[in-house]
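Text of upload.cif (mmCIF, C-alpha atoms) as supplied:
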data_run
#
loop_
_atom_site.group_PDB
_atom_site.id
_atom_site.type_symbol
_atom_site.label_atom_id
_atom_site.label_comp_id
_atom_site.auth_asym_id
_atom_site.auth_seq_id
_atom_site.Cartn_x
_atom_site.Cartn_y
_atom_site.Cartn_z
ATOM 1 C CA PHE B 1 111.801 41.629 93.317
ATOM 2 C CA LYS B 2 112.817 37.981 93.125
ATOM 3 C CA HIS B 3 111.952 37.735 89.429
ATOM 4 C CA CYS B 4 113.867 40.934 88.632
ATOM 5 C CA LEU B 5 116.904 40.015 90.739
ATOM 6 C CA ASP B 6 116.954 36.459 89.327
ATOM 7 C CA GLY B 7 116.975 37.869 85.801
ATOM 8 C CA LEU B 8 119.748 40.326 86.584
ATOM 9 C CA GLN B 9 121.786 37.601 88.251
ATOM 10 C CA GLY B 10 121.392 35.412 85.173
ATOM 11 C CA SER B 11 122.552 38.231 82.902
ATOM 12 C CA LEU B 12 125.293 39.693 85.104
ATOM 13 C CA GLY B 13 126.579 36.559 86.795
ATOM 14 C CA ALA B 14 126.137 38.098 90.254
ATOM 15 C CA ARG B 15 123.045 38.966 92.253
ATOM 16 C CA PRO B 16 122.617 42.729 92.755
ATOM 17 C CA ALA B 17 122.633 43.915 96.361
ATOM 18 C CA THR B 18 121.766 47.550 95.579
ATOM 19 C CA TRP B 19 118.314 48.772 94.529
ATOM 20 C CA LEU B 20 116.834 51.926 92.996
ATOM 21 C CA THR B 21 113.114 51.644 92.346
ATOM 22 C CA PRO B 22 112.263 52.623 88.762
ATOM 23 C CA GLY B 23 110.636 56.025 88.411
ATOM 24 C CA PHE B 24 110.748 56.652 92.161
ATOM 25 C CA SER B 25 107.621 54.523 92.489
ATOM 26 C CA VAL B 26 108.680 53.377 95.959
ATOM 27 C CA THR B 27 105.958 52.590 98.468
ATOM 28 C CA GLU B 28 106.143 52.272 102.255
ATOM 29 C CA ARG B 29 106.543 48.495 101.781
ATOM 30 C CA THR B 30 109.322 48.617 99.189
ATOM 31 C CA PRO B 31 112.286 48.766 101.613
ATOM 32 C CA GLU B 32 111.075 45.724 103.593
ATOM 33 C CA ILE B 33 110.391 43.720 100.434
ATOM 34 C CA ALA B 34 113.812 44.689 99.082
ATOM 35 C CA ALA B 35 115.531 43.601 102.304
ATOM 36 C CA LYS B 36 113.727 40.242 102.238
ATOM 37 C CA SER B 37 115.007 39.808 98.675
ATOM 38 C CA GLY B 38 118.628 40.296 99.752
ATOM 39 C CA ILE B 39 119.061 43.986 98.986
ATOM 40 C CA LYS B 40 121.675 45.523 101.302
ATOM 41 C CA THR B 41 121.816 49.062 99.895
ATOM 42 C CA PHE B 42 118.820 51.190 98.970
ATOM 43 C CA LEU B 43 118.930 54.323 96.803
ATOM 44 C CA ASP B 44 115.297 55.463 96.896
ATOM 45 C CA PHE B 45 115.457 58.308 99.416
ATOM 46 C CA VAL B 46 116.419 61.899 98.590
ATOM 47 C CA ASP B 47 116.553 63.223 102.133
ATOM 48 C CA ASP B 48 120.205 63.628 103.151
ATOM 49 C CA ASP B 49 123.870 63.665 102.089
ATOM 50 C CA VAL B 50 124.898 61.129 104.741
ATOM 51 C CA PRO B 51 124.252 57.380 104.495
ATOM 52 C CA TYR B 52 122.042 55.929 107.218
ATOM 53 C CA ASP B 53 120.426 52.630 108.183
ATOM 54 C CA ILE B 54 116.796 51.747 108.279
ATOM 55 C CA VAL B 55 115.774 48.816 110.458
ATOM 56 C CA HIS B 56 112.882 46.778 109.111
ATOM 57 C CA THR B 57 110.122 46.159 111.619
ATOM 58 C CA GLU B 58 109.156 42.647 110.537
ATOM 59 C CA SER B 59 112.595 41.109 110.025
ATOM 60 C CA GLY B 60 114.896 43.343 112.046
ATOM 61 C CA ALA B 61 117.169 43.490 108.988
ATOM 62 C CA ARG B 62 119.196 46.638 108.393
ATOM 63 C CA THR B 63 119.449 48.291 104.999
ATOM 64 C CA LEU B 64 121.931 51.038 104.231
ATOM 65 C CA CYS B 65 120.287 54.022 102.569
ATOM 66 C CA LEU B 66 122.495 56.016 100.254
ATOM 67 C CA PRO B 67 120.852 59.342 99.530
ATOM 68 C CA TYR B 68 119.918 59.882 95.908
ATOM 69 C CA CYS B 69 120.618 63.467 94.934
ATOM 70 C CA MET B 70 117.971 65.080 92.742
ATOM 71 C CA GLU B 71 120.089 68.247 92.505
ATOM 72 C CA THR B 72 122.713 66.438 90.421
ATOM 73 C CA ASN B 73 120.336 64.176 88.490
ATOM 74 C CA ASP B 74 120.532 64.618 84.718
ATOM 75 C CA PHE B 75 116.733 64.564 84.348
ATOM 76 C CA SER B 76 116.429 67.408 86.857
ATOM 77 C CA LEU B 77 119.168 69.585 85.423
ATOM 78 C CA VAL B 78 119.176 68.816 81.708
ATOM 79 C CA LEU B 79 115.604 67.870 80.883
ATOM 80 C CA THR B 80 113.745 70.008 83.436
ATOM 81 C CA LYS B 81 115.993 73.040 83.924
ATOM 82 C CA ASN B 82 117.425 72.891 80.389
ATOM 83 C CA PHE B 83 121.068 73.123 81.472
ATOM 84 C CA ASP B 84 123.525 72.844 78.614
ATOM 85 C CA ALA B 85 126.469 70.437 78.878
ATOM 86 C CA ARG B 86 128.786 72.939 80.607
ATOM 87 C CA GLN B 87 126.128 74.131 83.077
ATOM 88 C CA TYR B 88 125.275 70.532 83.949
ATOM 89 C CA ALA B 89 128.914 69.539 84.513
ATOM 90 C CA GLN B 90 129.575 72.704 86.526
ATOM 91 C CA ALA B 91 126.525 72.113 88.738
ATOM 92 C CA ILE B 92 127.802 68.621 89.595
ATOM 93 C CA GLU B 93 131.305 69.899 90.270
ATOM 94 C CA ASP B 94 130.047 72.777 92.442
ATOM 95 C CA HIS B 95 127.783 70.448 94.415
ATOM 96 C CA VAL B 96 130.549 67.940 95.136
ATOM 97 C CA ARG B 97 133.140 70.612 95.977
ATOM 98 C CA GLN B 98 130.764 72.319 98.415
ATOM 99 C CA LEU B 99 130.011 69.075 100.253
ATOM 100 C CA ALA B 100 133.728 68.226 100.319
ATOM 101 C CA LYS B 101 134.341 71.482 102.236
ATOM 102 C CA GLU B 102 131.783 70.612 104.906
ATOM 103 C CA PRO B 103 132.679 68.498 107.944
ATOM 104 C CA GLY B 104 132.079 64.740 107.822
ATOM 105 C CA GLU B 105 131.879 62.356 104.924
ATOM 106 C CA LYS B 106 129.037 62.792 102.474
ATOM 107 C CA VAL B 107 127.670 60.798 99.553
ATOM 108 C CA VAL B 108 126.497 62.171 96.228
ATOM 109 C CA CYS B 109 124.728 59.630 94.037
ATOM 110 C CA LEU B 110 124.951 60.849 90.484
ATOM 111 C CA GLY B 111 121.804 59.890 88.618
ATOM 112 C CA MET B 112 122.878 59.687 84.997
ATOM 113 C CA HIS B 113 121.138 58.093 82.073
ATOM 114 C CA THR B 114 122.972 57.082 78.896
ATOM 115 C CA PHE B 115 120.425 58.859 76.722
ATOM 116 C CA VAL B 116 120.793 62.148 78.654
ATOM 117 C CA ALA B 117 124.201 62.579 80.328
ATOM 118 C CA GLY B 118 125.830 59.891 78.196
ATOM 119 C CA THR B 119 125.329 61.574 74.863
ATOM 120 C CA PRO B 120 128.393 62.744 72.915
ATOM 121 C CA ALA B 121 127.298 66.366 73.342
ATOM 122 C CA ARG B 122 127.605 66.121 77.150
ATOM 123 C CA VAL B 123 130.428 63.640 77.737
ATOM 124 C CA LEU B 124 133.335 66.044 77.151
ATOM 125 C CA ALA B 125 132.210 68.591 79.767
ATOM 126 C CA LEU B 126 131.440 65.801 82.256
ATOM 127 C CA SER B 127 134.806 64.124 81.672
ATOM 128 C CA GLU B 128 136.597 67.406 82.293
ATOM 129 C CA ALA B 129 134.624 68.058 85.516
ATOM 130 C CA PHE B 130 135.289 64.519 86.774
ATOM 131 C CA GLY B 131 138.988 64.973 86.007
ATOM 132 C CA ARG B 132 139.091 68.083 88.181
ATOM 133 C CA LEU B 133 137.147 66.347 90.968
ATOM 134 C CA LYS B 134 139.482 63.339 90.880
ATOM 135 C CA ALA B 135 142.347 65.740 91.604
ATOM 136 C CA CYS B 136 140.630 66.890 94.847
ATOM 137 C CA PRO B 137 142.086 64.956 97.786
ATOM 138 C CA GLU B 138 138.819 65.169 99.739
ATOM 139 C CA VAL B 139 136.745 63.615 96.916
ATOM 140 C CA ARG B 140 136.509 59.872 96.284
ATOM 141 C CA PHE B 141 134.640 58.052 93.565
ATOM 142 C CA ALA B 142 132.970 54.782 94.560
ATOM 143 C CA THR B 143 130.191 52.426 93.614
ATOM 144 C CA ALA B 144 127.230 51.911 95.934
ATOM 145 C CA ALA B 145 128.709 48.521 96.888
ATOM 146 C CA GLN B 146 132.027 50.149 97.801
ATOM 147 C CA VAL B 147 130.269 52.762 99.946
ATOM 148 C CA HIS B 148 128.270 49.998 101.645
ATOM 149 C CA ASP B 149 131.449 48.062 102.443
ATOM 150 C CA ALA B 150 133.237 51.172 103.745
ATOM 151 C CA VAL B 151 130.312 52.115 106.009
ATOM 152 C CA ARG B 152 129.976 48.541 107.317
ATOM 153 C CA LYS B 153 133.717 48.118 107.898
ATOM 154 C CA PRO B 154 134.514 47.863 111.621
ATOM 155 C CA ARG B 155 136.373 50.947 112.822
#

Write-out of the structure in structure tokens:
Amino acid sequence: FKHCLDGLQGSLGARPATWLTPGFSVTERTPEIAAKSGIKTFLDFVDDDVPYDIVHTESGARTLCLPYCMETNDFSLVLTKNFDARQYAQAIEDHVRQLAKEPGEKVVCLGMHTFVAGTPARVLALSEAFGRLKACPEVRFATAAQVHDAVRKPR
């Protein structure tokens, strides 16, 4: 973790505080190791639509878990289910709109890879779907860091 985060800090100019384990190769120790390395937000769990804390046994540190949604992931929809660009964009839009109708605030992490969702053949449909979602008053777009800060903000 330290080596990876040091390298990213050197390249980006800021130390990342959010972590997604490559290839979902997370182990039972990964969250604790991440917390000890300064990670504040963890994206490795696919179990809910609502952010939650995990408390680490050894350190007592708290890490905010933002659920990672496999149902909107480009690998799942495009590469596995063979959705075309319009089907993929519509699935994301439908997912977000449905959650926006339900009570309470939800989070949808959109797992997108430049070589899948970011290709010219898919960008137009995605841009149009995002434009429609931006017009929905109950939908907000945010980075993981912004969600972390909003959840941690005293009410």

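Among B:Leu12, B:Ala85, B:Leu133, B:Val108, the residue with the shortest atom-to-atom distance to Pro67 (chain B), counting only C-alpha atoms, is B:Val108.
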
*To verify the selection step, state as a PyMOL selection string which residues the PyMOL selection byres ((chain B and resi 137-154) around 10) yields on this input.*
chain B and resi 16-19+40-43+51-52+63-66+96-97+99-101+105-109+130+133-136+155

Go ahead and write the selection's residues with C-alpha atoms as a short mmCIF file (atom, residue, chain, number, x, y, z; two decimals), in the frame of the given file.
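Result file follows (out_12.cif):
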data_model
loop_
_atom_site.label_atom_id
_atom_site.label_comp_id
_atom_site.auth_asym_id
_atom_site.auth_seq_id
_atom_site.Cartn_x
_atom_site.Cartn_y
_atom_site.Cartn_z
CA PRO B 16 122.62 42.73 92.76
CA ALA B 17 122.63 43.92 96.36
CA THR B 18 121.77 47.55 95.58
CA TRP B 19 118.31 48.77 94.53
CA LYS B 40 121.68 45.52 101.30
CA THR B 41 121.82 49.06 99.90
CA PHE B 42 118.82 51.19 98.97
CA LEU B 43 118.93 54.32 96.80
CA PRO B 51 124.25 57.38 104.50
CA TYR B 52 122.04 55.93 107.22
CA THR B 63 119.45 48.29 105.00
CA LEU B 64 121.93 51.04 104.23
CA CYS B 65 120.29 54.02 102.57
CA LEU B 66 122.50 56.02 100.25
CA VAL B 96 130.55 67.94 95.14
CA ARG B 97 133.14 70.61 95.98
CA LEU B 99 130.01 69.08 100.25
CA ALA B 100 133.73 68.23 100.32
CA LYS B 101 134.34 71.48 102.24
CA GLU B 105 131.88 62.36 104.92
CA LYS B 106 129.04 62.79 102.47
CA VAL B 107 127.67 60.80 99.55
CA VAL B 108 126.50 62.17 96.23
CA CYS B 109 124.73 59.63 94.04
CA PHE B 130 135.29 64.52 86.77
CA LEU B 133 137.15 66.35 90.97
CA LYS B 134 139.48 63.34 90.88
CA ALA B 135 142.35 65.74 91.60
CA CYS B 136 140.63 66.89 94.85
CA ARG B 155 136.37 50.95 112.82
#

*Selected residue, from B:Gly131, B:Pro103, B:Gly13, B:Gly111, that lies nearest to Leu77 (chain B) when counting all atoms listed in the file*: B:Gly111

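The space separating CA of Thr57 (chain B) from CA of Arg15 (chain B) comes to 24.4 Å.
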
_Counting only C-alpha atoms, which residue out of B:Val26, B:Ile39, B:Val50, B:Leu8 sits closest to Gly104 (chain B)?_
B:Val50

*Name the residues captured by the PyMOL selection byres ((chain B and resi 56) around 10) when it is applied to the shown file; answer as a list in words.*
Arg29, Pro31, Glu32, Ile33, Ala35, Lys36, Asp53, Ile54, Val55, Thr57, Glu58, Ser59, Gly60, Ala61, Arg62 and Thr63 of chain B

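Of the listed residues (B:Leu110, B:Ile92, B:Val116, B:Ala121), B:Val116 comes nearest to Thr80 (chain B); the distances count all atoms listed in the file.
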
Just write region 111-146 of chain B with N, CA and C atoms, as an mmCIF file, in the first residue's frame, taken from the block above.
data_model
loop_
_atom_site.group_PDB
_atom_site.id
_atom_site.type_symbol
_atom_site.label_atom_id
_atom_site.label_comp_id
_atom_site.auth_asym_id
_atom_site.auth_seq_id
_atom_site.Cartn_x
_atom_site.Cartn_y
_atom_site.Cartn_z
ATOM 1 N N GLY B 111 -18.498 2.035 -12.128
ATOM 2 C CA GLY B 111 -17.222 1.459 -12.525
ATOM 3 C C GLY B 111 -17.085 1.525 -14.033
ATOM 4 N N MET B 112 -16.241 2.451 -14.476
ATOM 5 C CA MET B 112 -16.051 2.651 -15.918
ATOM 6 C C MET B 112 -14.562 2.625 -16.244
ATOM 7 N N HIS B 113 -14.245 1.983 -17.313
ATOM 8 C CA HIS B 113 -12.873 1.864 -17.761
ATOM 9 C C HIS B 113 -12.749 2.565 -19.120
ATOM 10 N N THR B 114 -11.676 3.301 -19.309
ATOM 11 C CA THR B 114 -11.518 4.071 -20.550
ATOM 12 C C THR B 114 -11.588 3.198 -21.794
ATOM 13 N N PHE B 115 -11.113 1.972 -21.687
ATOM 14 C CA PHE B 115 -11.091 1.093 -22.857
ATOM 15 C C PHE B 115 -12.402 0.340 -23.069
ATOM 16 N N VAL B 116 -13.390 0.554 -22.191
ATOM 17 C CA VAL B 116 -14.717 -0.044 -22.367
ATOM 18 C C VAL B 116 -15.741 1.083 -22.522
ATOM 19 N N ALA B 117 -16.106 1.726 -21.426
ATOM 20 C CA ALA B 117 -17.114 2.792 -21.464
ATOM 21 C C ALA B 117 -16.592 4.053 -22.141
ATOM 22 N N GLY B 118 -15.281 4.250 -22.113
ATOM 23 C CA GLY B 118 -14.710 5.488 -22.638
ATOM 24 C C GLY B 118 -14.403 5.494 -24.114
ATOM 25 N N THR B 119 -14.846 4.479 -24.818
ATOM 26 C CA THR B 119 -14.571 4.444 -26.254
ATOM 27 C C THR B 119 -15.534 5.370 -27.003
ATOM 28 N N PRO B 120 -15.123 5.894 -28.146
ATOM 29 C CA PRO B 120 -15.998 6.790 -28.902
ATOM 30 C C PRO B 120 -17.367 6.185 -29.223
ATOM 31 N N ALA B 121 -17.440 4.887 -29.372
ATOM 32 C CA ALA B 121 -18.711 4.244 -29.715
ATOM 33 C C ALA B 121 -19.718 4.279 -28.563
ATOM 34 N N ARG B 122 -19.244 4.493 -27.324
ATOM 35 C CA ARG B 122 -20.145 4.484 -26.174
ATOM 36 C C ARG B 122 -20.338 5.852 -25.523
ATOM 37 N N VAL B 123 -19.457 6.781 -25.795
ATOM 38 C CA VAL B 123 -19.474 8.070 -25.097
ATOM 39 C C VAL B 123 -20.730 8.880 -25.388
ATOM 40 N N LEU B 124 -21.216 8.888 -26.598
ATOM 41 C CA LEU B 124 -22.396 9.698 -26.935
ATOM 42 C C LEU B 124 -23.615 9.263 -26.117
ATOM 43 N N ALA B 125 -23.921 7.990 -26.093
ATOM 44 C CA ALA B 125 -25.080 7.500 -25.334
ATOM 45 C C ALA B 125 -24.916 7.778 -23.843
ATOM 46 N N LEU B 126 -23.711 7.601 -23.316
ATOM 47 C CA LEU B 126 -23.458 7.898 -21.902
ATOM 48 C C LEU B 126 -23.627 9.381 -21.611
ATOM 49 N N SER B 127 -23.085 10.222 -22.463
ATOM 50 C CA SER B 127 -23.203 11.676 -22.273
ATOM 51 C C SER B 127 -24.662 12.108 -22.267
ATOM 52 N N GLU B 128 -25.448 11.541 -23.140
ATOM 53 C CA GLU B 128 -26.878 11.877 -23.180
ATOM 54 C C GLU B 128 -27.587 11.420 -21.903
ATOM 55 N N ALA B 129 -27.285 10.207 -21.432
ATOM 56 C CA ALA B 129 -27.899 9.696 -20.196
ATOM 57 C C ALA B 129 -27.490 10.552 -19.001
ATOM 58 N N PHE B 130 -26.211 10.905 -18.915
ATOM 59 C CA PHE B 130 -25.750 11.754 -17.811
ATOM 60 C C PHE B 130 -26.407 13.127 -17.865
ATOM 61 N N GLY B 131 -26.622 13.652 -19.061
ATOM 62 C CA GLY B 131 -27.313 14.935 -19.194
ATOM 63 C C GLY B 131 -28.724 14.864 -18.631
ATOM 64 N N ARG B 132 -29.423 13.781 -18.924
ATOM 65 C CA ARG B 132 -30.781 13.626 -18.379
ATOM 66 C C ARG B 132 -30.743 13.453 -16.857
ATOM 67 N N LEU B 133 -29.770 12.700 -16.348
ATOM 68 C CA LEU B 133 -29.673 12.501 -14.905
ATOM 69 C C LEU B 133 -29.299 13.797 -14.184
ATOM 70 N N LYS B 134 -28.470 14.612 -14.792
ATOM 71 C CA LYS B 134 -28.101 15.895 -14.183
ATOM 72 C C LYS B 134 -29.305 16.807 -14.033
ATOM 73 N N ALA B 135 -30.312 16.616 -14.875
ATOM 74 C CA ALA B 135 -31.525 17.439 -14.813
ATOM 75 C C ALA B 135 -32.485 16.962 -13.715
ATOM 76 N N CYS B 136 -32.216 15.799 -13.111
ATOM 77 C CA CYS B 136 -33.068 15.276 -12.032
ATOM 78 C C CYS B 136 -32.668 15.932 -10.716
ATOM 79 N N PRO B 137 -33.590 16.620 -10.063
ATOM 80 C CA PRO B 137 -33.229 17.305 -8.815
ATOM 81 C C PRO B 137 -32.802 16.366 -7.693
ATOM 82 N N GLU B 138 -33.222 15.107 -7.726
ATOM 83 C CA GLU B 138 -32.861 14.187 -6.652
ATOM 84 C C GLU B 138 -31.571 13.418 -6.924
ATOM 85 N N VAL B 139 -30.870 13.753 -8.015
ATOM 86 C CA VAL B 139 -29.622 13.078 -8.373
ATOM 87 C C VAL B 139 -28.476 14.085 -8.285
ATOM 88 N N ARG B 140 -27.401 13.665 -7.609
ATOM 89 C CA ARG B 140 -26.191 14.479 -7.519
ATOM 90 C C ARG B 140 -25.002 13.655 -7.989
ATOM 91 N N PHE B 141 -24.096 14.300 -8.656
ATOM 92 C CA PHE B 141 -22.856 13.664 -9.073
ATOM 93 C C PHE B 141 -21.758 14.105 -8.113
ATOM 94 N N ALA B 142 -20.934 13.176 -7.661
ATOM 95 C CA ALA B 142 -19.882 13.507 -6.706
ATOM 96 C C ALA B 142 -18.744 12.502 -6.822
ATOM 97 N N THR B 143 -17.579 12.944 -6.420
ATOM 98 C CA THR B 143 -16.442 12.029 -6.308
ATOM 99 C C THR B 143 -16.556 11.271 -4.988
ATOM 100 N N ALA B 144 -15.763 10.231 -4.845
ATOM 101 C CA ALA B 144 -15.744 9.485 -3.579
ATOM 102 C C ALA B 144 -15.320 10.403 -2.435
ATOM 103 N N ALA B 145 -14.372 11.296 -2.684
ATOM 104 C CA ALA B 145 -13.926 12.228 -1.640
ATOM 105 C C ALA B 145 -15.057 13.172 -1.236
ATOM 106 N N GLN B 146 -15.840 13.623 -2.186
ATOM 107 C CA GLN B 146 -16.970 14.502 -1.870
ATOM 108 C C GLN B 146 -18.041 13.760 -1.071
#
